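Report on one structure; see the data block that follows.
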Amino acid sequence: MGVLRLQGETAEKAREGGVSEIDLMRLIQIKASELGHRLLRNNVGQGWVGAQTRVSHSQLVMVHPGDVVIRKALPLHAGLAVGSSDLIGLTDKGRFLAVETKTPKGRITEGQESFIDMVNRMGGIGIVARSVDDLVI
């Protein structure tokens with residue numbers, strides 16, 4: 001196995017399990033890369049897109065602080081699918097690899113569990129990683 005290079009406070013937090021989920025993702029990506037694998041961030045979610053509207057005359061629109069107005073809005077879905085893993089990629093041997101990262105107290109959703117199960121059933125490697133040490137391939 002490769003050596004994970006951590007420094008200072010991050011190394012201490014990783015050993016104690018006190019690292020944030022986003023830092024855990026980054027650390028797992030580093031370890032995977034050192035082992036010859038490639039993992040990419042897979043952001044899953046929904047946003048909105050819409051038409052740009054130019055205003056040629058005054059009009060009254062009530063908005064509140066923090067509001068965003070999108071005209072003719074359409075949903076934009078990001079990521080592979082609902083429940084798809086935080087990190088996806090390939091092992092050094094070319095197998096599909098999916099890693100759902102969770103802090104020690106984080107809970108996996110039904111959709112995330114289903115995605116991991118599907119990856120494993122179809123010959124890939126799907127894991128839930130609560131620490132860098134969980135990246136065992």
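Following the order of the structure tokens, first chain is A, next is B, and so on, with residues numbered from 1 inside each chain and ligands from 1 in the order they appear.
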Subject >> alpha helix (DSSP H) call set, DSSP backbone run, chain A, as a PyMOL selection string >> reply: chain A and resi 8-16+21-34+110-121
Write the residues you've just listed into a file as an mmCIF file, in the first residue's frame, and include N, CA and C atoms for each of them.
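Everything below was put into selection.cif:
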data_model
loop_
_atom_site.group_PDB
_atom_site.id
_atom_site.type_symbol
_atom_site.label_atom_id
_atom_site.label_comp_id
_atom_site.auth_asym_id
_atom_site.auth_seq_id
_atom_site.Cartn_x
_atom_site.Cartn_y
_atom_site.Cartn_z
ATOM 1 N N GLY A 8 0.906 18.016 9.872
ATOM 2 C CA GLY A 8 0.363 18.849 10.928
ATOM 3 C C GLY A 8 -0.997 18.435 11.445
ATOM 4 N N GLU A 9 -1.858 19.426 11.595
ATOM 5 C CA GLU A 9 -3.175 19.251 12.197
ATOM 6 C C GLU A 9 -4.041 18.266 11.413
ATOM 7 N N THR A 10 -3.949 18.279 10.078
ATOM 8 C CA THR A 10 -4.756 17.364 9.261
ATOM 9 C C THR A 10 -4.406 15.919 9.556
ATOM 10 N N ALA A 11 -3.116 15.631 9.708
ATOM 11 C CA ALA A 11 -2.688 14.268 10.014
ATOM 12 C C ALA A 11 -3.232 13.830 11.368
ATOM 13 N N GLU A 12 -3.164 14.715 12.348
ATOM 14 C CA GLU A 12 -3.655 14.387 13.685
ATOM 15 C C GLU A 12 -5.163 14.152 13.665
ATOM 16 N N LYS A 13 -5.901 15.010 12.984
ATOM 17 C CA LYS A 13 -7.357 14.850 12.898
ATOM 18 C C LYS A 13 -7.720 13.562 12.181
ATOM 19 N N ALA A 14 -7.000 13.228 11.114
ATOM 20 C CA ALA A 14 -7.282 11.997 10.371
ATOM 21 C C ALA A 14 -7.064 10.772 11.249
ATOM 22 N N ARG A 15 -6.013 10.787 12.048
ATOM 23 C CA ARG A 15 -5.747 9.659 12.943
ATOM 24 C C ARG A 15 -6.826 9.534 14.010
ATOM 25 N N GLU A 16 -7.341 10.668 14.470
ATOM 26 C CA GLU A 16 -8.351 10.669 15.533
ATOM 27 C C GLU A 16 -9.771 10.537 14.996
ATOM 28 N N GLU A 21 -15.969 15.703 6.298
ATOM 29 C CA GLU A 21 -16.249 14.824 5.156
ATOM 30 C C GLU A 21 -15.525 15.285 3.896
ATOM 31 N N ILE A 22 -15.488 16.586 3.640
ATOM 32 C CA ILE A 22 -14.809 17.079 2.430
ATOM 33 C C ILE A 22 -13.304 16.837 2.529
ATOM 34 N N ASP A 23 -12.715 17.008 3.720
ATOM 35 C CA ASP A 23 -11.286 16.716 3.888
ATOM 36 C C ASP A 23 -11.029 15.226 3.737
ATOM 37 N N LEU A 24 -11.947 14.392 4.243
ATOM 38 C CA LEU A 24 -11.822 12.952 4.091
ATOM 39 C C LEU A 24 -11.829 12.572 2.608
ATOM 40 N N MET A 25 -12.723 13.193 1.837
ATOM 41 C CA MET A 25 -12.761 12.922 0.389
ATOM 42 C C MET A 25 -11.416 13.232 -0.251
ATOM 43 N N ARG A 26 -10.863 14.380 0.091
ATOM 44 C CA ARG A 26 -9.573 14.788 -0.488
ATOM 45 C C ARG A 26 -8.461 13.821 -0.097
ATOM 46 N N LEU A 27 -8.452 13.411 1.169
ATOM 47 C CA LEU A 27 -7.435 12.476 1.632
ATOM 48 C C LEU A 27 -7.561 11.123 0.936
ATOM 49 N N ILE A 28 -8.784 10.678 0.724
ATOM 50 C CA ILE A 28 -9.004 9.410 0.016
ATOM 51 C C ILE A 28 -8.556 9.532 -1.436
ATOM 52 N N GLN A 29 -8.818 10.666 -2.068
ATOM 53 C CA GLN A 29 -8.350 10.870 -3.437
ATOM 54 C C GLN A 29 -6.825 10.817 -3.508
ATOM 55 N N ILE A 30 -6.157 11.422 -2.528
ATOM 56 C CA ILE A 30 -4.694 11.389 -2.497
ATOM 57 C C ILE A 30 -4.202 9.955 -2.350
ATOM 58 N N LYS A 31 -4.778 9.227 -1.393
ATOM 59 C CA LYS A 31 -4.350 7.841 -1.174
ATOM 60 C C LYS A 31 -4.607 6.995 -2.420
ATOM 61 N N ALA A 32 -5.779 7.150 -3.014
ATOM 62 C CA ALA A 32 -6.111 6.382 -4.222
ATOM 63 C C ALA A 32 -5.095 6.662 -5.328
ATOM 64 N N SER A 33 -4.749 7.921 -5.496
ATOM 65 C CA SER A 33 -3.781 8.295 -6.525
ATOM 66 C C SER A 33 -2.417 7.672 -6.250
ATOM 67 N N GLU A 34 -2.005 7.688 -5.003
ATOM 68 C CA GLU A 34 -0.720 7.080 -4.645
ATOM 69 C C GLU A 34 -0.714 5.573 -4.884
ATOM 70 N N GLU A 110 -30.581 5.416 1.785
ATOM 71 C CA GLU A 110 -31.015 4.221 1.057
ATOM 72 C C GLU A 110 -30.524 4.264 -0.390
ATOM 73 N N GLY A 111 -30.595 5.425 -1.008
ATOM 74 C CA GLY A 111 -30.126 5.578 -2.390
ATOM 75 C C GLY A 111 -28.636 5.325 -2.523
ATOM 76 N N GLN A 112 -27.853 5.813 -1.561
ATOM 77 C CA GLN A 112 -26.408 5.593 -1.590
ATOM 78 C C GLN A 112 -26.074 4.120 -1.394
ATOM 79 N N GLU A 113 -26.789 3.478 -0.482
ATOM 80 C CA GLU A 113 -26.580 2.051 -0.251
ATOM 81 C C GLU A 113 -26.944 1.242 -1.493
ATOM 82 N N SER A 114 -28.034 1.597 -2.151
ATOM 83 C CA SER A 114 -28.452 0.906 -3.379
ATOM 84 C C SER A 114 -27.408 1.067 -4.476
ATOM 85 N N PHE A 115 -26.834 2.272 -4.599
ATOM 86 C CA PHE A 115 -25.825 2.515 -5.632
ATOM 87 C C PHE A 115 -24.586 1.654 -5.378
ATOM 88 N N ILE A 116 -24.115 1.636 -4.137
ATOM 89 C CA ILE A 116 -22.943 0.820 -3.782
ATOM 90 C C ILE A 116 -23.218 -0.657 -4.060
ATOM 91 N N ASP A 117 -24.403 -1.140 -3.690
ATOM 92 C CA ASP A 117 -24.776 -2.540 -3.947
ATOM 93 C C ASP A 117 -24.784 -2.840 -5.441
ATOM 94 N N MET A 118 -25.333 -1.923 -6.244
ATOM 95 C CA MET A 118 -25.389 -2.122 -7.696
ATOM 96 C C MET A 118 -23.989 -2.190 -8.291
ATOM 97 N N VAL A 119 -23.101 -1.300 -7.860
ATOM 98 C CA VAL A 119 -21.719 -1.307 -8.360
ATOM 99 C C VAL A 119 -21.067 -2.654 -8.067
ATOM 100 N N ASN A 120 -21.228 -3.159 -6.849
ATOM 101 C CA ASN A 120 -20.623 -4.440 -6.479
ATOM 102 C C ASN A 120 -21.241 -5.610 -7.237
ATOM 103 N N ARG A 121 -22.557 -5.596 -7.419
ATOM 104 C CA ARG A 121 -23.231 -6.673 -8.173
ATOM 105 C C ARG A 121 -22.758 -6.729 -9.617
#
Subject >> Test item: residues at most 10 Å from Asp86 (chain A), only C-alpha atoms, excluding those fewer than 3 positions along its chain, as a list in words >> reply: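 Close residues of Asp86 (chain A): Ile22, Met25, Leu39, Leu40, Arg41, Asn42, Asn43, Val44, Gly79, Gly83, Ala98, Val99, Glu100, Thr101, Lys102, Gln112 and Val128 of chain A.
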**OP:** Do a neighbour search on Leu97 (chain A) at 7 Å with only C-alpha atoms, toss out local chain neighbours closer than 5 positions, and write the hits as a VMD selection string.
**Re:** chain A and resid 88 to 91 124 to 126
For the selection you just gave me, I'd like the residues written to a file as a compact mmCIF listing (two decimals), in the first residue's frame, keeping N, CA and C atoms.
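Wrote it out as out.txt, contents follow:
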# COMPACT_ATOMS: atom_id res chain seq x y z
N ILE A 88 -15.95 8.77 -7.74
CA ILE A 88 -16.06 7.69 -8.72
C ILE A 88 -14.81 7.69 -9.59
N GLY A 89 -14.48 6.52 -10.11
CA GLY A 89 -13.30 6.45 -10.96
C GLY A 89 -12.96 5.02 -11.31
N LEU A 90 -11.65 4.79 -11.48
CA LEU A 90 -11.16 3.49 -11.90
C LEU A 90 -10.00 3.05 -11.02
N THR A 91 -9.92 1.73 -10.81
CA THR A 91 -8.76 1.19 -10.11
C THR A 91 -7.59 1.17 -11.08
N GLY A 124 -17.97 -4.02 -10.22
CA GLY A 124 -17.13 -2.91 -9.78
C GLY A 124 -16.81 -3.05 -8.30
N ILE A 125 -16.18 -2.03 -7.77
CA ILE A 125 -15.87 -2.00 -6.35
C ILE A 125 -16.58 -0.78 -5.77
N GLY A 126 -17.51 -1.03 -4.85
CA GLY A 126 -18.22 0.05 -4.18
C GLY A 126 -18.03 -0.07 -2.69
**OP:** Give the answer as one residue: which of A:Ala129, A:Val63, A:Met122, A:Leu35 has the shortest atom-to-atom distance to Arg107 (chain A), using only C-alpha atoms?
**Re:**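 Of A:Ala129, A:Val63, A:Met122, A:Leu35, the one nearest Arg107 (chain A) is A:Ala129, counting only C-alpha atoms.
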Subject >> In region 4-103 of chain A, DSSP strand (DSSP E) residues written as a ChimeraX atom specification >> reply: /A:38-41,45-51,71-78,87-90,96-101
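Proximity to Ala51 (chain A) at 8 Å, evaluated using only C-alpha atoms and with sequence-adjacent residues fewer than 3 positions away removed, yields Ile70, Arg71, Lys72 and Ala73 of chain A.
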**OP:** Identify which of the residues A:Gly94, A:Pro104, A:Gly66, A:Gly47 lies closest to Val132 (chain A), counting only C-alpha atoms when measuring atom-to-atom distances.
**Re:** A:Pro104
**OP:** Quote the spacing between CA of Arg95 (chain A) and CA of Leu80 (chain A) in Å to one decimal place.
**Re:**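 Rounded to one decimal, the two atoms are 17.1 Å apart.
The two atoms in question, CA of Ser84 (chain A) and CA of Gly18 (chain A), are spaced 24.5 Å apart.
Taking CA of Thr109 (chain A) and CA of Lys93 (chain A) as the two end points, the separation is 29.0 Å.
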Original post:
Skipping near chain neighbours, those fewer than 6 positions away, what residues fall within 8 Å of Thr103 (chain A) using only C-alpha atoms, listed as a PyMOL selection string?
Top reply: chain A and resi 17+19-21+24+130-131
